[in-house]
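Below: one structure, written as structure tokens.
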Amino acid sequence: MDVTVSGRRVLVTSGDARAAVEVARLVESGADVTVAAPEVSAAVQDLADRGLVHWLPRAVDLDDLAAADLVVTGRTHEPPLPAPTVVGTVTLVGGGPGDPGLLTVAGREALEAADVVVTDRLAPLSSLATLRPEVQVVDVAKVPRGPSTPQDAINDLLVQHARAGRTVVRLKGGDPFVFGRGSEEVAACEAAGVPVRVVPGVTSAVAAAAAAGIPVTHRTAAQGFTVVSGHLPPGHPDSTIDFAALARSGTTLVVLMGVRTLGAICDALVEGGLAADTPAAVVADATLPSQRVVRGSVSTIAHDAADVLPPAVVVIGAVAGLGGGGTAA
Ligand code: SAH
């Protein structure tokens with residue numbers, strides 16, 4: 001986009017997966033974005049839920065147009081896909097934590113070669129802005145407690161597109177093998193005889209801390225780091241994590257998907273013997289313009305960060321007291 005959109009009211013008249021790419025770019029450029037469309041893809045719905053765009057769930061009207069500085073119109077139909085030739089391929093691409101600059105060169109090359117791109121909620125959508133116009137973008141975002149596509153359906157979609165001879169990229173947030181169910185998608189492709197490869201990505205488990213100036217290791221503070229999922233609280237029957245052992249591990253603890261369970265996790269760590277004044281930080285929307293950092297201790301952080309929305313990474317350990325640059329936004 002050549003015009004400066006920062007601070008301008010931009011009306012987008014389509015909410016499909018391809019329009020979501022433009023919407024994400026506009027938001028990142030600081031535009032005040034309104035989407036007027038009766039239905040929107042999960043990615044747009046998610047941006048609306050997070051208060052980053054206004055969604056008017058109806059057709060565009062004259063008042064909307066009059067109120068806008070700029071209008072972006074969507075496509076009215078999907079372009080035809082290439083006819084099947086031989087079996088295609090699937091490439092799982094780790095898109096990094098959100099900043100399009102943190103997509104790898106190999107990831108970008110894979111995107112440039114794609115006929116179909118299947119995206120995730122946390123995939124860096126603005127990286128798709130340079131796709132050829134005929135590339136089909138399929139949004140299978142799994143929004144927490146929102147619209148979602150079951151994993152089996154995603155696996156089938158990848159296999160079906162590849163069997164139709166297409167070059168498929170599955171773009172995922174962070175690294176595909178860190179809580180990304182990437183290995184299930186690889187297994188599904190292998191079982192179907194579809195050639196599949198993985199392009200690793202910059203994981204938020206390390207990058208979110210770094211974006212807040214926090215090193216996950218530091219010679220005098222932490223000789224290692226442990227990454228866990230916080231999606232199940234300590235003591236949940238399906239949880240396999242020994243939080244008391246983590247409290248004694250002496251490593252930096254990095255928790256993904258732990259916003260909702262943060263209080264329970266911190267309590268379990270302190271009960272397990274972690275000093276109550278151990279530094280802790282929460283980094284939300286890391287590497288994106290909306291990044292927010294909240295700092296505290298393991299005994300205060302759940303309270304301090306009570307209003308933080310996912311996606312966020314929690315860092316607990318002496319290193320969380322380093323890199324004071326990004327104090328609470
Ligand atoms: N495969 C991803 C993780 C998927 S699980 C990776 O390697 O990064 C989703 C979780 O990742 C979120 O709940 C959040 O804890 C974390 N996450 C992903 N992107 C993030 C971001 N930009 N800022 C903060 N946390 C993020």
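Convention: chains lettered A, B, ... in structure tokens order; per-chain residue numbering from 1; ligands numbered from 1 as shown.
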
Neighbours of ligand 1 within 8 Å, counting only C-alpha atoms and all ligand atoms, as a PDB file with C-alpha atoms, in the first residue's frame?
```pdb
ATOM      1  CA  GLY A  94       6.698 -21.410  11.096  1.00  0.00           C
ATOM      2  CA  GLY A  96       7.293 -16.441  13.820  1.00  0.00           C
ATOM      3  CA  PRO A  97       5.619 -14.522  16.641  1.00  0.00           C
ATOM      4  CA  GLY A  98       3.842 -11.871  14.568  1.00  0.00           C
ATOM      5  CA  ASP A  99       6.268  -9.277  13.211  1.00  0.00           C
ATOM      6  CA  LEU A 122      -1.545 -16.411  15.274  1.00  0.00           C
ATOM      7  CA  LYS A 172       1.503 -21.384  11.607  1.00  0.00           C
ATOM      8  CA  GLY A 173       2.407 -18.966  14.382  1.00  0.00           C
ATOM      9  CA  GLY A 174       5.860 -19.292  15.945  1.00  0.00           C
ATOM     10  CA  ASP A 175       7.426 -22.690  15.286  1.00  0.00           C
ATOM     11  CA  PRO A 176       5.136 -25.417  13.865  1.00  0.00           C
ATOM     12  CA  PHE A 177       6.324 -27.982  16.413  1.00  0.00           C
ATOM     13  CA  VAL A 178       5.897 -25.861  19.550  1.00  0.00           C
ATOM     14  CA  PHE A 179       2.306 -26.413  20.710  1.00  0.00           C
ATOM     15  CA  GLY A 180       1.260 -26.078  17.079  1.00  0.00           C
ATOM     16  CA  GLY A 201      10.011 -20.726  12.823  1.00  0.00           C
ATOM     17  CA  VAL A 202      10.978 -18.241  15.519  1.00  0.00           C
ATOM     18  CA  THR A 203       9.008 -19.430  18.521  1.00  0.00           C
ATOM     19  CA  SER A 204       7.238 -17.001  20.826  1.00  0.00           C
ATOM     20  CA  ALA A 205       8.600 -19.102  23.701  1.00  0.00           C
ATOM     21  CA  ALA A 208       8.308 -12.879  23.315  1.00  0.00           C
ATOM     22  CA  SER A 229       1.753 -25.074  28.184  1.00  0.00           C
ATOM     23  CA  VAL A 255       4.478 -20.518  30.043  1.00  0.00           C
ATOM     24  CA  LEU A 256       2.495 -20.367  26.810  1.00  0.00           C
ATOM     25  CA  MET A 257      -1.316 -20.334  26.761  1.00  0.00           C
ATOM     26  CA  GLY A 258      -1.251 -19.455  30.459  1.00  0.00           C
ATOM     27  CA  VAL A 259      -3.215 -16.194  30.721  1.00  0.00           C
ATOM     28  CA  VAL A 283       4.456 -10.239  27.358  1.00  0.00           C
ATOM     29  CA  ALA A 284       1.305  -9.936  25.241  1.00  0.00           C
ATOM     30  CA  ASP A 285       1.161  -9.415  21.436  1.00  0.00           C
ATOM     31  CA  ALA A 286       4.938  -9.742  21.414  1.00  0.00           C
ATOM     32  CA  THR A 287       6.752  -8.184  18.417  1.00  0.00           C
ATOM     33  CA  LEU A 288       3.520  -6.534  17.211  1.00  0.00           C
ATOM     34  CA  GLN A 291       2.950  -5.410  22.378  1.00  0.00           C
ATOM     35  CA  PRO A 310      -4.003 -13.641  24.987  1.00  0.00           C
ATOM     36  CA  PRO A 311      -1.770 -14.241  23.177  1.00  0.00           C
ATOM     37  CA  ALA A 312       0.742 -13.770  25.940  1.00  0.00           C
ATOM     38  CA  VAL A 313       3.849 -15.491  27.220  1.00  0.00           C
ATOM     39  CA  VAL A 314       4.679 -15.607  30.924  1.00  0.00           C
TER      40      VAL A 314
END
```

Determine, counting only C-alpha atoms, which protein, DNA and RNA residues have an atom within 10 Å of an atom of Leu47 (chain A); residues of the same chain fewer than 3 positions away are not included. Present the result as number ranges by chain.
A: 20, 23-24, 27, 42-44, 50-55, 121

Just list as an MDAnalysis selection string whatever in region 176-300 of chain A DSSP marks as helix (DSSP H, G or I).
chainID A and resid 182:191 204:211 243:248 262:271

Asp61 (chain A): which residues within 10 Å, counting only C-alpha atoms, same-chain residues fewer than 4 positions away excluded, as a PyMOL selection string?
chain A and resi 13+36+65-66

Among region 26-136 of chain A, which ones does DSSP place in strand (DSSP E), written as a list in words?
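Of region 26-136 of chain A, the ones in strand (DSSP E) are Asp32, Val33, Thr34, Val35, Ala36, His54, Trp55, Leu56, Leu70, Val71, Val72, Thr89, Val90, Thr91, Leu92, Val93, Gly94, Val116, Val117, Val118, Thr119 and Gln136 of chain A.
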
Resulting file, chosen residues, N, CA and C atoms, as a PDB file, in the first residue's frame:
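Output saved as result.pdb:
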```pdb
ATOM      1  N   ASP A  32      -7.305   3.251  11.464  1.00  0.00           N
ATOM      2  CA  ASP A  32      -8.515   3.036  12.268  1.00  0.00           C
ATOM      3  C   ASP A  32      -9.465   2.244  11.357  1.00  0.00           C
ATOM      4  N   VAL A  33      -9.484   0.918  11.515  1.00  0.00           N
ATOM      5  CA  VAL A  33     -10.106   0.051  10.508  1.00  0.00           C
ATOM      6  C   VAL A  33     -11.518  -0.367  10.900  1.00  0.00           C
ATOM      7  N   THR A  34     -12.441  -0.209   9.969  1.00  0.00           N
ATOM      8  CA  THR A  34     -13.804  -0.724  10.133  1.00  0.00           C
ATOM      9  C   THR A  34     -14.049  -1.740   9.021  1.00  0.00           C
ATOM     10  N   VAL A  35     -14.565  -2.915   9.397  1.00  0.00           N
ATOM     11  CA  VAL A  35     -14.919  -3.916   8.392  1.00  0.00           C
ATOM     12  C   VAL A  35     -16.443  -3.983   8.336  1.00  0.00           C
ATOM     13  N   ALA A  36     -17.012  -3.715   7.167  1.00  0.00           N
ATOM     14  CA  ALA A  36     -18.461  -3.845   7.003  1.00  0.00           C
ATOM     15  C   ALA A  36     -18.713  -5.052   6.112  1.00  0.00           C
ATOM     16  N   HIS A  54     -13.081  -2.414  14.087  1.00  0.00           N
ATOM     17  CA  HIS A  54     -14.525  -2.364  14.328  1.00  0.00           C
ATOM     18  C   HIS A  54     -15.172  -3.240  13.261  1.00  0.00           C
ATOM     19  N   TRP A  55     -16.036  -4.148  13.677  1.00  0.00           N
ATOM     20  CA  TRP A  55     -16.743  -4.982  12.696  1.00  0.00           C
ATOM     21  C   TRP A  55     -18.222  -4.613  12.711  1.00  0.00           C
ATOM     22  N   LEU A  56     -18.739  -4.212  11.542  1.00  0.00           N
ATOM     23  CA  LEU A  56     -20.171  -3.968  11.391  1.00  0.00           C
ATOM     24  C   LEU A  56     -20.725  -5.195  10.673  1.00  0.00           C
ATOM     25  N   LEU A  70     -10.689   6.231   3.426  1.00  0.00           N
ATOM     26  CA  LEU A  70     -10.259   5.326   2.350  1.00  0.00           C
ATOM     27  C   LEU A  70     -11.157   4.106   2.374  1.00  0.00           C
ATOM     28  N   VAL A  71     -11.419   3.527   1.205  1.00  0.00           N
ATOM     29  CA  VAL A  71     -12.241   2.317   1.144  1.00  0.00           C
ATOM     30  C   VAL A  71     -11.448   1.225   0.443  1.00  0.00           C
ATOM     31  N   VAL A  72     -11.403   0.041   1.069  1.00  0.00           N
ATOM     32  CA  VAL A  72     -10.727  -1.097   0.461  1.00  0.00           C
ATOM     33  C   VAL A  72     -11.805  -2.123   0.141  1.00  0.00           C
ATOM     34  N   THR A  89       2.522 -30.740  -2.837  1.00  0.00           N
ATOM     35  CA  THR A  89       3.313 -30.879  -1.609  1.00  0.00           C
ATOM     36  C   THR A  89       2.674 -30.019  -0.522  1.00  0.00           C
ATOM     37  N   VAL A  90       3.025 -30.365   0.707  1.00  0.00           N
ATOM     38  CA  VAL A  90       2.621 -29.531   1.842  1.00  0.00           C
ATOM     39  C   VAL A  90       3.887 -29.083   2.561  1.00  0.00           C
ATOM     40  N   THR A  91       4.004 -27.786   2.819  1.00  0.00           N
ATOM     41  CA  THR A  91       5.113 -27.262   3.602  1.00  0.00           C
ATOM     42  C   THR A  91       4.548 -26.560   4.831  1.00  0.00           C
ATOM     43  N   LEU A  92       4.927 -27.052   6.002  1.00  0.00           N
ATOM     44  CA  LEU A  92       4.542 -26.370   7.238  1.00  0.00           C
ATOM     45  C   LEU A  92       5.559 -25.265   7.469  1.00  0.00           C
ATOM     46  N   VAL A  93       5.075 -24.032   7.516  1.00  0.00           N
ATOM     47  CA  VAL A  93       5.982 -22.902   7.698  1.00  0.00           C
ATOM     48  C   VAL A  93       5.726 -22.267   9.063  1.00  0.00           C
ATOM     49  N   GLY A  94       6.792 -22.149   9.841  1.00  0.00           N
ATOM     50  CA  GLY A  94       6.698 -21.410  11.096  1.00  0.00           C
ATOM     51  C   GLY A  94       6.772 -19.932  10.781  1.00  0.00           C
ATOM     52  N   VAL A 116      -1.839 -22.483  -2.506  1.00  0.00           N
ATOM     53  CA  VAL A 116      -2.832 -22.380  -1.430  1.00  0.00           C
ATOM     54  C   VAL A 116      -2.075 -22.143  -0.125  1.00  0.00           C
ATOM     55  N   VAL A 117      -2.560 -21.195   0.671  1.00  0.00           N
ATOM     56  CA  VAL A 117      -1.961 -20.966   1.991  1.00  0.00           C
ATOM     57  C   VAL A 117      -3.048 -21.160   3.040  1.00  0.00           C
ATOM     58  N   VAL A 118      -2.796 -22.077   3.961  1.00  0.00           N
ATOM     59  CA  VAL A 118      -3.759 -22.376   5.024  1.00  0.00           C
ATOM     60  C   VAL A 118      -3.224 -21.741   6.304  1.00  0.00           C
ATOM     61  N   THR A 119      -3.961 -20.769   6.844  1.00  0.00           N
ATOM     62  CA  THR A 119      -3.415 -19.960   7.940  1.00  0.00           C
ATOM     63  C   THR A 119      -4.034 -20.306   9.286  1.00  0.00           C
ATOM     64  N   GLN A 136      -4.859 -18.889  -3.223  1.00  0.00           N
ATOM     65  CA  GLN A 136      -6.030 -18.999  -2.349  1.00  0.00           C
ATOM     66  C   GLN A 136      -5.570 -19.034  -0.890  1.00  0.00           C
TER      67      GLN A 136
END
```

Selected residue of minimal separation from Ala67 (chain A) among A:Arg260, A:Arg295, A:Arg9, A:Arg170, counting only C-alpha atoms:
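For Ala67 (chain A), the nearest of the candidates is A:Arg9.
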
Show which residues sit within 10 Å of Thr130 (chain A), as an NGL selection string. Count only C-alpha atoms, and ignore same-chain residues fewer than 5 positions away.
:A and (21 or 108 or 111-112)

Hey, can you spit out that residue selection with all heavy atoms as a CSV table (one decimal), in the first residue's frame?
```csv
chain,number,residue,atom,x,y,z
A,21,VAL,N,-6.0,-10.4,5.4
A,21,VAL,CA,-4.6,-10.0,5.3
A,21,VAL,C,-4.4,-8.5,5.2
A,21,VAL,O,-3.6,-7.9,5.9
A,21,VAL,CB,-4.0,-10.7,4.0
A,21,VAL,CG1,-2.6,-10.2,3.7
A,21,VAL,CG2,-4.1,-12.2,4.1
A,108,ARG,N,9.5,-17.5,3.6
A,108,ARG,CA,9.1,-16.5,2.6
A,108,ARG,C,9.1,-17.2,1.2
A,108,ARG,O,8.2,-17.1,0.4
A,108,ARG,CB,9.9,-15.3,2.6
A,108,ARG,CG,9.7,-14.4,1.5
A,108,ARG,CD,9.7,-12.9,1.8
A,108,ARG,NE,8.7,-12.5,2.8
A,108,ARG,CZ,7.4,-12.5,2.6
A,108,ARG,NH1,6.9,-12.8,1.4
A,108,ARG,NH2,6.6,-12.1,3.6
A,111,LEU,N,6.3,-19.5,0.8
A,111,LEU,CA,5.0,-18.7,0.5
A,111,LEU,C,5.0,-18.3,-0.9
A,111,LEU,O,3.9,-18.3,-1.6
A,111,LEU,CB,4.9,-17.5,1.5
A,111,LEU,CG,4.5,-17.8,2.9
A,111,LEU,CD1,4.7,-16.6,3.8
A,111,LEU,CD2,3.0,-18.3,2.9
A,112,GLU,N,6.1,-17.8,-1.4
A,112,GLU,CA,6.1,-17.3,-2.8
A,112,GLU,C,5.8,-18.4,-3.8
A,112,GLU,O,5.3,-18.1,-4.9
A,112,GLU,CB,7.5,-16.7,-3.1
A,112,GLU,CG,7.6,-15.3,-2.6
A,112,GLU,CD,9.0,-14.7,-2.5
A,112,GLU,OE1,9.9,-15.4,-3.0
A,112,GLU,OE2,9.2,-13.7,-1.9
```

Neighbouring residues of His303 (chain A) were defined as those with any atom within 12 Å, considering only C-alpha atoms; residues of the same chain fewer than 2 positions away were excluded. Please report them as a VMD selection string.
chain A and resid 259 to 264 266 to 267 280 to 282 294 to 301 305 to 308

Of the listed residues A:Glu109, A:Asp69, A:Asp115, A:Asp16, that which approaches Val40 (chain A) most closely, counting only C-alpha atoms
A:Asp16
